[in-house]
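Raw coords.txt, compact mmCIF, C-alpha atoms:
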```txt
# COMPACT_ATOMS: atom_id res chain seq x y z
CA MET U 1 -32.97 -42.59 12.75
CA LYS U 2 -36.38 -41.95 14.22
CA LYS U 3 -37.00 -40.68 17.73
CA ARG U 4 -40.42 -41.54 19.08
CA ILE U 5 -42.01 -38.57 20.88
CA SER U 6 -43.05 -39.61 24.35
CA MET U 7 -46.81 -39.40 24.76
CA LEU U 8 -46.80 -40.28 28.45
CA LEU U 9 -47.00 -36.57 29.13
CA ALA U 10 -50.30 -36.47 27.27
CA CYS U 11 -51.94 -38.68 29.86
CA ALA U 12 -51.16 -36.21 32.62
CA MET U 13 -52.34 -33.33 30.51
CA MET U 14 -55.69 -34.91 29.83
CA PHE U 15 -56.62 -34.31 33.47
CA THR U 16 -55.97 -30.58 33.17
CA LEU U 17 -57.13 -29.83 29.65
CA VAL U 18 -60.85 -29.23 29.51
CA SER U 19 -61.00 -28.33 25.85
CA CYS U 20 -58.79 -28.03 22.81
CA GLY U 21 -57.56 -24.80 21.27
CA GLY U 22 -59.68 -22.42 19.22
CA GLY U 23 -60.59 -23.40 15.70
CA GLY U 24 -59.96 -21.77 12.39
CA GLY U 25 -62.26 -21.71 9.43
CA ASN U 26 -65.79 -20.43 9.16
CA GLY U 27 -66.89 -18.24 12.02
CA SER U 28 -63.90 -19.09 14.19
CA GLN U 29 -62.15 -15.74 14.53
CA GLY U 30 -61.61 -14.56 18.07
CA THR U 31 -61.75 -18.02 19.66
CA THR U 32 -59.73 -18.85 22.76
CA PRO U 33 -57.39 -21.73 23.60
CA PRO U 34 -57.90 -24.26 26.39
CA ALA U 35 -57.77 -23.11 29.95
CA GLY U 36 -55.42 -24.57 32.50
CA SER U 37 -52.24 -25.12 30.52
CA SER U 38 -49.82 -27.47 32.22
CA GLN U 39 -46.03 -27.16 32.28
CA PRO U 40 -43.35 -29.87 32.04
CA ALA U 41 -42.84 -31.64 35.35
CA GLY U 42 -39.39 -31.05 36.76
CA SER U 43 -38.32 -29.01 33.72
CA GLN U 44 -35.03 -27.12 33.75
CA PRO U 45 -34.11 -23.67 32.49
CA ALA U 46 -33.25 -23.42 28.81
CA GLY U 47 -29.80 -24.75 28.09
CA SER U 48 -27.86 -23.86 24.99
CA GLN U 49 -28.53 -20.52 23.29
CA PRO U 50 -27.35 -19.10 19.96
CA ALA U 51 -23.77 -17.86 19.91
CA GLY U 52 -23.47 -14.44 21.43
CA SER U 53 -26.93 -14.50 22.97
CA GLN U 54 -28.02 -14.24 26.58
CA PRO U 55 -30.29 -16.89 28.10
CA ALA U 56 -33.94 -15.95 27.73
CA GLY U 57 -35.15 -14.03 30.74
CA SER U 58 -31.63 -13.21 31.96
CA GLY U 59 -30.07 -9.87 32.81
CA ASP U 60 -32.40 -6.97 33.55
CA THR U 61 -35.44 -8.69 32.03
CA THR U 62 -37.95 -10.41 34.30
CA ALA U 63 -40.27 -13.21 33.22
CA GLU U 64 -43.13 -10.70 33.07
CA ASP U 65 -41.30 -8.38 30.64
CA TRP U 66 -41.37 -10.60 27.56
CA HIS U 67 -43.10 -9.97 24.27
CA ILE U 68 -43.31 -12.47 21.39
CA GLY U 69 -44.14 -11.92 17.74
CA ILE U 70 -45.96 -14.35 15.42
CA ILE U 71 -45.99 -13.88 11.64
CA THR U 72 -48.34 -16.01 9.50
CA GLY U 73 -50.07 -15.95 6.15
CA THR U 74 -53.44 -14.29 5.73
CA VAL U 75 -56.90 -15.83 6.04
CA SER U 76 -57.05 -16.44 2.29
CA GLN U 77 -53.81 -18.43 2.16
CA SER U 78 -53.41 -20.13 5.55
CA GLU U 79 -56.28 -19.38 7.89
CA ASP U 80 -55.51 -22.08 10.45
CA ASP U 81 -51.99 -20.70 10.94
CA LEU U 82 -53.42 -17.26 11.68
CA ARG U 83 -56.13 -18.58 14.02
CA GLY U 84 -53.53 -20.42 16.08
CA ALA U 85 -51.61 -17.18 16.47
CA GLU U 86 -54.81 -15.38 17.48
CA ALA U 87 -55.47 -18.04 20.13
CA ILE U 88 -52.11 -17.38 21.80
CA GLN U 89 -52.77 -13.64 21.62
CA ALA U 90 -56.18 -14.16 23.23
CA LYS U 91 -54.55 -16.22 25.98
CA TYR U 92 -51.75 -13.79 26.88
CA GLY U 93 -53.07 -10.46 25.56
CA LYS U 94 -52.26 -8.11 22.68
CA GLU U 95 -49.65 -6.30 24.76
CA LYS U 96 -47.47 -9.40 25.07
CA VAL U 97 -48.24 -11.19 21.78
CA LYS U 98 -47.76 -9.20 18.57
CA LEU U 99 -49.19 -10.49 15.28
CA ALA U 100 -48.34 -9.72 11.65
CA THR U 101 -49.00 -11.31 8.26
CA TYR U 102 -46.90 -11.57 5.13
CA PRO U 103 -48.34 -10.89 1.62
CA ASP U 104 -50.42 -13.52 -0.18
CA ASN U 105 -48.09 -13.19 -3.16
CA PHE U 106 -45.04 -13.76 -1.02
CA THR U 107 -42.99 -15.18 -3.90
CA GLU U 108 -43.08 -11.76 -5.60
CA GLU U 109 -42.88 -9.70 -2.41
CA THR U 110 -39.94 -11.28 -0.61
CA GLU U 111 -38.56 -7.96 0.62
CA THR U 112 -41.92 -7.07 2.17
CA THR U 113 -42.00 -10.47 3.88
CA ILE U 114 -38.47 -10.02 5.25
CA GLN U 115 -39.27 -6.55 6.54
CA SER U 116 -42.48 -7.73 8.24
CA ILE U 117 -40.46 -10.30 10.19
CA VAL U 118 -37.49 -8.05 10.98
CA ASN U 119 -39.75 -5.22 12.17
CA MET U 120 -40.78 -7.37 15.13
CA SER U 121 -37.26 -7.05 16.52
CA ASP U 122 -37.65 -3.27 16.93
CA ASP U 123 -39.57 -3.95 20.14
CA PRO U 124 -36.98 -3.86 22.97
CA GLN U 125 -39.01 -6.40 24.96
CA MET U 126 -39.28 -8.86 22.07
CA LYS U 127 -37.89 -12.24 23.17
CA ALA U 128 -39.09 -14.64 20.46
CA ILE U 129 -40.30 -14.43 16.85
CA ILE U 130 -42.24 -17.31 15.34
CA VAL U 131 -42.96 -17.54 11.59
CA ASN U 132 -45.54 -20.09 10.36
CA GLN U 133 -45.42 -20.91 7.53
CA SER U 134 -41.81 -19.89 7.02
CA VAL U 135 -42.01 -18.77 3.41
CA PRO U 136 -38.99 -17.71 1.32
CA GLY U 137 -37.22 -14.82 3.00
CA THR U 138 -37.55 -16.16 6.52
CA ALA U 139 -33.92 -17.34 6.73
CA GLU U 140 -32.65 -13.93 5.64
CA ALA U 141 -34.99 -12.18 8.08
CA PHE U 142 -33.70 -14.35 10.93
CA ARG U 143 -30.10 -13.61 9.89
CA GLN U 144 -30.77 -9.88 10.11
CA ILE U 145 -32.52 -10.25 13.46
CA LYS U 146 -29.63 -12.25 14.93
CA GLU U 147 -27.19 -9.54 13.85
CA ARG U 148 -29.25 -6.90 15.64
CA ARG U 149 -30.72 -8.88 18.53
CA PRO U 150 -28.98 -12.21 19.19
CA ASP U 151 -31.08 -12.58 22.35
CA ILE U 152 -34.28 -13.10 20.34
CA LEU U 153 -35.35 -16.72 19.78
CA CYS U 154 -36.12 -17.30 16.10
CA ILE U 155 -38.51 -20.19 15.43
CA ALA U 156 -39.60 -21.41 11.99
CA GLY U 157 -42.74 -23.47 11.42
CA GLU U 158 -43.20 -25.33 8.13
CA ALA U 159 -40.18 -23.88 6.31
CA HIS U 160 -40.44 -23.47 2.54
CA GLU U 161 -36.71 -22.92 2.13
CA ASP U 162 -34.18 -25.75 2.39
CA LEU U 163 -34.14 -26.94 5.99
CA PRO U 164 -30.35 -26.66 6.48
CA VAL U 165 -30.54 -23.04 5.25
CA VAL U 166 -33.32 -22.12 7.66
CA GLY U 167 -31.76 -24.13 10.47
CA ALA U 168 -28.52 -22.15 10.13
CA THR U 169 -30.26 -18.93 11.21
CA ALA U 170 -33.15 -20.25 13.35
CA ASP U 171 -32.97 -21.58 16.89
CA LEU U 172 -35.69 -24.14 16.10
CA VAL U 173 -37.37 -25.41 12.93
CA CYS U 174 -40.44 -27.68 12.92
CA ASN U 175 -41.84 -29.14 9.70
CA ASN U 176 -44.31 -31.85 8.94
CA ASP U 177 -42.44 -35.12 8.55
CA PHE U 178 -42.36 -35.31 4.78
CA VAL U 179 -40.38 -38.56 4.82
CA SER U 180 -42.56 -40.55 7.23
CA ARG U 181 -45.80 -39.10 5.84
CA GLY U 182 -44.73 -39.86 2.28
CA TYR U 183 -44.66 -43.52 3.26
CA LEU U 184 -47.58 -43.54 5.70
CA ILE U 185 -50.07 -41.77 3.40
CA ILE U 186 -49.45 -44.41 0.73
CA ARG U 187 -49.63 -47.21 3.30
CA THR U 188 -52.98 -45.90 4.56
CA ALA U 189 -54.34 -45.60 1.01
CA HIS U 190 -53.34 -49.22 0.43
CA GLU U 191 -55.06 -50.30 3.66
CA LEU U 192 -58.26 -48.60 2.47
CA GLY U 193 -58.16 -50.53 -0.83
CA CYS U 194 -56.76 -47.92 -3.21
CA ASP U 195 -54.84 -49.07 -6.27
CA THR U 196 -53.75 -45.67 -7.67
CA PHE U 197 -52.28 -42.57 -6.03
CA VAL U 198 -52.52 -39.18 -7.77
CA HIS U 199 -50.15 -36.40 -6.66
CA ILE U 200 -51.15 -32.85 -7.69
CA SER U 201 -48.65 -29.99 -7.57
CA PHE U 202 -46.71 -27.38 -9.63
CA PRO U 203 -43.04 -26.57 -10.32
CA ARG U 204 -42.48 -24.07 -7.47
CA HIS U 205 -43.54 -26.56 -4.82
CA LEU U 206 -41.64 -29.41 -6.43
CA SER U 207 -38.46 -27.31 -6.23
CA TYR U 208 -38.62 -27.50 -2.42
CA GLU U 209 -36.52 -30.27 -0.90
CA THR U 210 -39.31 -31.24 1.50
CA MET U 211 -41.87 -31.75 -1.26
CA SER U 212 -39.57 -33.26 -3.88
CA ARG U 213 -38.30 -35.83 -1.38
CA ARG U 214 -41.84 -36.62 -0.29
CA VAL U 215 -42.85 -37.25 -3.92
CA ALA U 216 -39.90 -39.62 -4.28
CA VAL U 217 -40.88 -41.46 -1.09
CA MET U 218 -44.50 -41.71 -2.22
CA GLU U 219 -43.48 -43.13 -5.58
CA GLU U 220 -41.19 -45.67 -3.93
CA ALA U 221 -43.89 -46.65 -1.42
CA CYS U 222 -46.37 -47.21 -4.25
CA LYS U 223 -43.96 -49.78 -5.67
CA GLU U 224 -43.85 -51.54 -2.29
CA PHE U 225 -47.65 -51.72 -2.12
CA ASN U 226 -48.19 -52.51 -5.83
CA MET U 227 -50.01 -49.23 -6.48
CA THR U 228 -49.82 -47.00 -9.55
CA PHE U 229 -48.26 -43.57 -8.90
CA VAL U 230 -49.34 -40.61 -11.06
CA GLN U 231 -48.40 -36.93 -11.06
CA GLU U 232 -50.79 -34.21 -12.26
CA THR U 233 -50.23 -30.44 -12.44
CA ALA U 234 -52.46 -27.58 -11.30
CA PRO U 235 -51.78 -23.81 -11.40
CA ASP U 236 -49.74 -22.11 -8.70
CA PRO U 237 -52.12 -19.77 -6.78
CA THR U 238 -49.30 -17.23 -6.26
CA THR U 239 -49.08 -16.59 -10.01
CA ASP U 240 -51.31 -14.34 -12.09
CA VAL U 241 -54.22 -16.80 -12.02
CA GLY U 242 -54.49 -16.31 -8.27
CA VAL U 243 -56.48 -18.50 -5.91
CA PRO U 244 -59.76 -18.26 -7.89
CA GLY U 245 -58.11 -19.39 -11.13
CA ALA U 246 -56.27 -22.26 -9.46
CA GLN U 247 -59.44 -23.49 -7.76
CA ALA U 248 -61.48 -23.23 -10.96
CA TYR U 249 -58.89 -25.38 -12.75
CA VAL U 250 -59.11 -28.15 -10.13
CA LEU U 251 -62.92 -28.08 -10.23
CA GLU U 252 -62.78 -28.56 -13.99
CA LYS U 253 -60.01 -31.16 -14.14
CA ALA U 254 -60.87 -33.37 -11.14
CA PRO U 255 -63.81 -35.11 -12.90
CA GLU U 256 -61.44 -36.06 -15.73
CA TRP U 257 -58.90 -37.44 -13.25
CA ILE U 258 -61.49 -39.48 -11.38
CA GLN U 259 -62.88 -40.91 -14.61
CA LYS U 260 -59.36 -41.72 -15.85
CA TYR U 261 -57.98 -43.29 -12.67
CA GLY U 262 -61.12 -44.89 -11.24
CA GLN U 263 -63.04 -45.03 -7.98
CA ASN U 264 -60.16 -46.66 -6.08
CA SER U 265 -57.78 -43.76 -6.71
CA ALA U 266 -56.51 -41.60 -3.83
CA TYR U 267 -55.56 -37.93 -4.26
CA PHE U 268 -53.08 -35.56 -2.65
CA CYS U 269 -52.39 -31.90 -3.44
CA THR U 270 -49.47 -29.84 -2.16
CA ASN U 271 -51.34 -26.51 -2.03
CA ASP U 272 -54.03 -25.50 0.46
CA ALA U 273 -56.04 -23.57 -2.13
CA HIS U 274 -56.47 -26.70 -4.27
CA THR U 275 -57.87 -28.73 -1.40
CA ALA U 276 -61.51 -27.55 -1.21
CA PRO U 277 -62.32 -27.95 -4.93
CA LEU U 278 -60.61 -31.35 -5.00
CA LEU U 279 -62.58 -32.53 -1.97
CA GLN U 280 -65.80 -31.23 -3.50
CA ARG U 281 -65.34 -33.30 -6.65
CA LEU U 282 -64.22 -36.40 -4.75
CA LEU U 283 -67.33 -36.20 -2.57
CA GLU U 284 -69.49 -35.89 -5.67
CA LEU U 285 -67.80 -38.40 -7.95
CA GLY U 286 -65.84 -40.89 -5.85
CA GLY U 287 -62.21 -41.43 -4.95
CA TYR U 288 -60.22 -41.18 -1.72
CA PHE U 289 -58.45 -38.39 0.17
CA ILE U 290 -56.15 -39.57 2.98
CA GLU U 291 -55.13 -36.20 4.41
CA ALA U 292 -54.18 -32.71 3.30
CA ASP U 293 -50.65 -31.42 2.84
CA LEU U 294 -51.14 -29.50 6.12
CA PRO U 295 -53.98 -31.53 7.62
CA SER U 296 -56.98 -30.16 9.50
CA PRO U 297 -60.73 -30.84 9.67
CA LEU U 298 -60.98 -27.20 8.55
CA MET U 299 -58.64 -27.62 5.57
CA GLY U 300 -60.99 -27.56 2.61
CA TYR U 301 -63.82 -29.56 4.17
CA PRO U 302 -66.19 -26.73 5.23
CA ASN U 303 -66.12 -25.16 1.75
CA ALA U 304 -66.32 -28.50 -0.03
CA LEU U 305 -69.38 -29.36 2.06
CA GLY U 306 -71.29 -26.26 0.98
CA ASP U 307 -69.86 -23.69 3.41
CA LEU U 308 -70.57 -25.81 6.45
CA ASP U 309 -71.39 -23.49 9.35
CA LEU U 310 -69.08 -24.12 12.29
CA THR U 311 -69.87 -20.98 14.26
CA ALA U 312 -71.30 -22.86 17.22
CA GLU U 313 -68.32 -25.24 17.30
CA ALA U 314 -65.63 -22.55 17.09
CA GLY U 315 -62.89 -23.19 19.61
CA ASP U 316 -63.62 -26.92 20.04
CA PHE U 317 -61.81 -29.18 17.57
CA ASP U 318 -63.55 -32.29 18.89
CA ALA U 319 -66.91 -30.70 18.02
CA ILE U 320 -65.57 -29.37 14.70
CA LEU U 321 -64.35 -32.83 13.68
CA ALA U 322 -67.66 -34.43 14.71
CA LYS U 323 -69.69 -32.00 12.61
CA VAL U 324 -67.40 -32.25 9.58
CA GLU U 325 -67.38 -36.04 9.89
CA LYS U 326 -71.19 -36.24 10.00
CA ALA U 327 -71.43 -34.03 6.91
CA VAL U 328 -68.88 -36.18 5.07
CA VAL U 329 -70.77 -39.38 5.94
CA ASP U 330 -74.11 -37.79 4.95
CA ALA U 331 -72.53 -36.85 1.61
CA GLY U 332 -71.55 -40.48 0.96
CA GLY U 333 -67.89 -40.15 1.88
CA GLU U 334 -67.76 -42.65 4.74
CA GLY U 335 -64.40 -44.40 4.98
CA ARG U 336 -62.89 -42.43 2.09
CA PHE U 337 -61.81 -39.13 3.65
CA GLY U 338 -59.18 -38.44 6.27
CA THR U 339 -57.51 -35.66 8.21
CA TRP U 340 -55.62 -34.96 11.39
CA ALA U 341 -58.10 -34.56 14.22
CA TYR U 342 -56.48 -31.27 15.20
CA SER U 343 -55.35 -28.67 12.68
CA TYR U 344 -51.63 -28.86 11.96
CA GLY U 345 -51.36 -25.18 11.07
CA TYR U 346 -53.28 -24.14 14.18
CA CYS U 347 -51.33 -26.43 16.50
CA LEU U 348 -48.00 -25.34 15.00
CA SER U 349 -48.64 -21.61 15.43
CA ALA U 350 -50.07 -21.99 18.92
CA GLY U 351 -47.76 -24.79 20.02
CA LEU U 352 -44.50 -23.19 18.86
CA ALA U 353 -45.52 -19.89 20.44
CA GLN U 354 -46.33 -21.67 23.71
CA HIS U 355 -43.01 -23.49 23.53
CA ALA U 356 -41.20 -20.16 23.05
CA ILE U 357 -42.94 -18.73 26.13
CA ASN U 358 -42.01 -21.81 28.14
CA VAL U 359 -38.38 -21.39 27.10
CA ILE U 360 -38.38 -17.66 27.91
CA GLU U 361 -39.77 -18.41 31.35
CA GLY U 362 -37.14 -21.09 31.96
CA LYS U 363 -39.57 -24.01 31.94
CA SER U 364 -38.41 -25.74 28.74
CA GLU U 365 -35.36 -26.15 26.55
CA ILE U 366 -35.53 -24.80 23.02
CA ASN U 367 -34.33 -27.98 21.26
CA ASP U 368 -35.88 -30.64 23.50
CA MET U 369 -38.29 -32.63 21.33
CA ASP U 370 -40.42 -33.73 24.27
CA ASP U 371 -40.81 -30.10 25.38
CA VAL U 372 -41.95 -29.20 21.86
CA ALA U 373 -44.37 -32.15 21.91
CA GLU U 374 -45.83 -31.04 25.22
CA ALA U 375 -46.55 -27.58 23.86
CA LEU U 376 -48.20 -29.08 20.76
CA GLN U 377 -50.18 -31.50 22.91
CA GLU U 378 -51.78 -28.60 24.74
CA TYR U 379 -53.72 -27.89 21.54
CA SER U 380 -54.32 -31.51 20.47
CA PRO U 381 -55.11 -33.41 23.68
CA LYS U 382 -56.53 -36.62 22.17
CA ALA U 383 -54.18 -37.19 19.24
CA ALA U 384 -50.81 -38.93 19.15
CA TRP U 385 -47.74 -37.29 17.64
CA ASN U 386 -44.53 -38.78 16.37
CA GLY U 387 -41.39 -37.32 14.88
CA SER U 388 -37.69 -37.41 14.24
CA GLY U 389 -34.70 -35.17 13.80
CA TYR U 390 -34.02 -34.04 10.25
CA THR U 391 -31.13 -35.73 8.43
CA ASN U 392 -29.72 -34.18 5.27
CA ALA U 393 -30.03 -36.86 2.58
CA ASP U 394 -27.00 -35.51 0.69
CA THR U 395 -24.54 -35.14 3.56
CA GLY U 396 -25.94 -37.52 6.15
CA VAL U 397 -25.67 -34.72 8.73
CA LYS U 398 -28.40 -34.60 11.37
CA GLU U 399 -29.56 -31.12 12.32
CA ASP U 400 -30.00 -30.82 16.10
CA ASN U 401 -32.46 -27.92 15.83
CA VAL U 402 -34.68 -29.20 12.98
CA PHE U 403 -37.56 -31.52 13.88
CA LEU U 404 -39.98 -33.38 11.61
CA ILE U 405 -43.36 -34.12 13.22
CA TYR U 406 -46.69 -35.69 12.36
CA GLN U 407 -50.02 -36.56 13.94
CA ASP U 408 -52.01 -39.77 13.57
CA THR U 409 -54.34 -40.03 10.56
CA TYR U 410 -58.08 -40.05 11.28
CA ILE U 411 -60.43 -41.57 8.69
CA MET U 412 -63.98 -40.24 8.92
CA GLY U 413 -66.81 -42.74 9.08
CA ASN U 414 -69.54 -44.12 11.30
CA PRO U 415 -67.63 -44.55 13.52
CA GLY U 416 -64.44 -42.89 12.39
CA LYS U 417 -61.08 -44.23 13.46
CA PHE U 418 -57.44 -43.36 13.98
CA MET U 419 -55.25 -45.43 11.68
CA GLY U 420 -52.38 -45.88 14.13
CA ALA U 421 -49.94 -44.22 11.76
CA THR U 422 -47.83 -42.89 14.61
CA ASP U 423 -47.16 -46.48 15.75
CA VAL U 424 -45.92 -47.70 12.36
CA GLU U 425 -42.17 -48.14 11.96
CA VAL U 426 -41.19 -46.51 8.68
CA PRO U 427 -38.62 -48.68 6.85
CA GLU U 428 -35.12 -47.23 7.16
CA LYS U 429 -34.55 -47.10 3.41
CA TYR U 430 -37.07 -44.28 2.95
CA TYR U 431 -34.93 -41.83 4.91
CA THR U 432 -32.39 -41.72 2.08
CA VAL U 433 -34.84 -41.71 -0.85
CA LYS U 434 -34.62 -38.49 -2.85
```

Could you spell out this file's structure in structure tokens?
Amino acid sequence: MKKRISMLLACAMMFTLVSCGGGGGNGSQGTTPPAGSSQPAGSQPAGSQPAGSQPAGSGDTTAEDWHIGIITGTVSQSEDDLRGAEAIQAKYGKEKVKLATYPDNFTEETETTIQSIVNMSDDPQMKAIIVNQSVPGTAEAFRQIKERRPDILCIAGEAHEDLPVVGATADLVCNNDFVSRGYLIIRTAHELGCDTFVHISFPRHLSYETMSRRVAVMEEACKEFNMTFVQETAPDPTTDVGVPGAQAYVLEKAPEWIQKYGQNSAYFCTNDAHTAPLLQRLLELGGYFIEADLPSPLMGYPNALGDLDLTAEAGDFDAILAKVEKAVVDAGGEGRFGTWAYSYGYCLSAGLAQHAINVIEGKSEINDMDDVAEALQEYSPKAAWNGSGYTNADTGVKEDNVFLIYQDTYIMGNPGKFMGATDVEVPEKYYTVK
């Protein structure tokens, strides 16, 4: 079921990478990615292409003629995703890399979202369009693009729609591994001594297959590790309450949750906007936080730590993590707070865009997992990744172009440590839990 991503390539890359990609968060706009990107040794030109399409870079188009488009959320909703896109634009230039954002209230403005994506295909030199996060409307936008321009590679990062639906119109889909992480987050909480796990979400998110299956896996894993599983609700930031109202609710309710469930309770929220207020209360009052829904040292931590200034560290995730970690330890959170060492949203935007460029230039294959891993590794040189192909729990069908990926969990302390989550074999039974 699971395919281990080869990390041997990371060893070679460590000799060429002198720094990690640019950072998101406070004061990080305009940062640049690492210099000296390496390419896959002995790689072959891209193989299979969508029906009716021409191989990238074929015909009258030379390797220098390509443009790519990246569509993300805004700073207020998914800053790391946007910063990763900006890093690729800084690396290759605004002429070759086009950026756009979809509305914050994307659930109510689906047509605007679709049009923002489709508009990228008006550029005759456009060769790939990457959407991260792939909010509702992305599958329809890709369908329209393929009708007009079957030569354009369509790549979805962190799809909100059902994965088989997005996979039917996209050339490649990459999501966080909701199955493996559902198990591994609980396992890590157990290893840290937690006896209760509190899952915080709202109906829209729980209607997504990825999140509903992860909840089921988490609940089942809690049974395995003799932990209590609890679900709490917080407002959806895309509704009338907006981000401020949703965050105010979490600030008010978190003390009640911590008092009710105790100091050995661990917390997880499915929405980025909920993360900072939750972290703030956990730092103040106790409790554990294993990692965010879309993990990053910039996800919630700077704001929770009193608007931690990371201007001097912008562009260096090793330095960002070190400063966030010190602030967490100084605030009394040693051994209770975790993350991925490198931002998932940042790595996904930058890594998928780099992968698309590699495919266009004939250096990688679109659906080769190791090629995808190599592009991600360029922006996360010291962290391990693992992943698997997506299997539909209802039909048992494995999608060849849909990958589930995750990075090792890092628990902040003095010293901090990687938990070795990418080396753990997830029991087979969890892949059919729903």

Next item on the list: Would you kindly return, as a list in words, each protein, DNA or RNA residue with an atom no farther than 9 Å from any atom of range 251-256 of chain U, considering all atoms listed in the file and excluding same-chain residues fewer than 4 positions away?
Entry: Ala234, Ala246, Gln247, Lys260, Tyr261, His274, Pro277, Leu278, Gln280, Arg281, Leu282 and Leu285 of chain U

Edge lengths and centre in Å, axis-aligned, range 145-160 of chain U plus 4 Å each side, as JSON:
```
{"center_x": -35.2, "center_y": -16.1, "center_z": 12.4, "size_x": 24.0, "size_y": 26.4, "size_z": 27.8}
```

Next item on the list: Can you work out the spacing between CA of Tyr346 in chain U and CA of Gly362 in chain U in Å, to one decimal?
Entry: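 Going from CA of Tyr346 in chain U over to CA of Gly362 in chain U, I get 24.2 Å.
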
Margin query: Using Å and a single decimal, report how far CA of Asp272 in chain U sits from CA of Arg336 in chain U.
Written below: 19.2 Å

Next item on the list: Determine, counting all atoms listed in the file, every residue of protein, DNA or RNA that lies within 12 Å of (-54.5, -24.5, 4.9) in the file coordinates, then give the result as a ChimeraX atom specification.
Entry: /U:24-25,72-84,132-133,158,269-276,291-302,343-346

Those selected residues, please, written with C-alpha atoms and delivered as a compact mmCIF listing (two decimals), in the frame of the given file.
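Result went into again-v5.txt, see below:
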```txt
# COMPACT_ATOMS: atom_id res chain seq x y z
CA GLY U 24 -59.96 -21.77 12.39
CA GLY U 25 -62.26 -21.71 9.43
CA THR U 72 -48.34 -16.01 9.50
CA GLY U 73 -50.07 -15.95 6.15
CA THR U 74 -53.44 -14.29 5.73
CA VAL U 75 -56.90 -15.83 6.04
CA SER U 76 -57.05 -16.44 2.29
CA GLN U 77 -53.81 -18.43 2.16
CA SER U 78 -53.41 -20.13 5.55
CA GLU U 79 -56.28 -19.38 7.89
CA ASP U 80 -55.51 -22.08 10.45
CA ASP U 81 -51.99 -20.70 10.94
CA LEU U 82 -53.42 -17.26 11.68
CA ARG U 83 -56.13 -18.58 14.02
CA GLY U 84 -53.53 -20.42 16.08
CA ASN U 132 -45.54 -20.09 10.36
CA GLN U 133 -45.42 -20.91 7.53
CA GLU U 158 -43.20 -25.33 8.13
CA CYS U 269 -52.39 -31.90 -3.44
CA THR U 270 -49.47 -29.84 -2.16
CA ASN U 271 -51.34 -26.51 -2.03
CA ASP U 272 -54.03 -25.50 0.46
CA ALA U 273 -56.04 -23.57 -2.13
CA HIS U 274 -56.47 -26.70 -4.27
CA THR U 275 -57.87 -28.73 -1.40
CA ALA U 276 -61.51 -27.55 -1.21
CA GLU U 291 -55.13 -36.20 4.41
CA ALA U 292 -54.18 -32.71 3.30
CA ASP U 293 -50.65 -31.42 2.84
CA LEU U 294 -51.14 -29.50 6.12
CA PRO U 295 -53.98 -31.53 7.62
CA SER U 296 -56.98 -30.16 9.50
CA PRO U 297 -60.73 -30.84 9.67
CA LEU U 298 -60.98 -27.20 8.55
CA MET U 299 -58.64 -27.62 5.57
CA GLY U 300 -60.99 -27.56 2.61
CA TYR U 301 -63.82 -29.56 4.17
CA PRO U 302 -66.19 -26.73 5.23
CA SER U 343 -55.35 -28.67 12.68
CA TYR U 344 -51.63 -28.86 11.96
CA GLY U 345 -51.36 -25.18 11.07
CA TYR U 346 -53.28 -24.14 14.18
```

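Closest approach to Leu99 in chain U among U:Ala314, U:Leu206, U:Ala248, U:Ala353: U:Ala353, based on all atoms listed in the file.
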
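With all atoms listed in the file as the basis for measurement, U:Pro150 is the residue among U:Pro103, U:Gly306, U:Gly286, U:Pro150 that approaches Ser121 in chain U most closely.
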
Notebook entry, point to check: U:Gly332, U:Gly93, U:Gly157, U:Pro164: which is nearest Ala350 in chain U, counting all atoms listed in the file?
Noted result: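 The shortest atom-to-atom distance to Ala350 in chain U comes from U:Gly157.
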
Next item on the list: One decimal, Å: what's the distance from CA of Asp330 in chain U over to CA of Gly287 in chain U, could you say?
Entry: 15.9 Å

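You can rank U:Leu172, U:Ala304, U:Met120, U:Ala90 by their closest distance to Asp400 in chain U using all atoms listed in the file, and at the top of that list sits U:Leu172.
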
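The shortest atom-to-atom distance to Val402 in chain U, with only C-alpha atoms taken into account, belongs to U:Val166 out of U:Val166, U:Val324, U:Ile70, U:Leu153.
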
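Residue neighbourhood of Val426 in chain U, excluding near-sequence residues (fewer than 6 positions): Lys2, Val179, Ser180, Tyr183 and Leu184 of chain U, at 9 Å, using all atoms listed in the file.
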
Next item on the list: Return the single residue from U:Ser388, U:Thr409, U:Ser212, U:Asn176 that is closest to Ala189 in chain U, with distances computed using only C-alpha atoms.
Entry: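 Among the listed residues, U:Thr409 lies closest to Ala189 in chain U.
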
Margin query: Counting all atoms listed in the file, find residues at most 8 Å from (-32.9, -38.3, -5.9) (file frame) and give them as a PyMOL selection string.
Written below: chain U and resi 213+216+433-434

Selected residues written out with C-alpha atoms, as a short mmCIF file (atom, residue, chain, number, x, y, z; two decimals), in the coordinates of the input:
```cif
data_model
loop_
_atom_site.label_atom_id
_atom_site.label_comp_id
_atom_site.auth_asym_id
_atom_site.auth_seq_id
_atom_site.Cartn_x
_atom_site.Cartn_y
_atom_site.Cartn_z
CA ARG U 213 -38.30 -35.83 -1.38
CA ALA U 216 -39.90 -39.62 -4.28
CA VAL U 433 -34.84 -41.71 -0.85
CA LYS U 434 -34.62 -38.49 -2.85
#
```

Check: Can you tell me, as a ChimeraX atom specification, what residues are no more than 12 Å from Val135 in chain U when counting only C-alpha atoms, ignoring any on the same chain fewer than 4 positions away?
Finding: /U:71-73,77-78,101-114,117,131,139-141,156-163,166,205,208
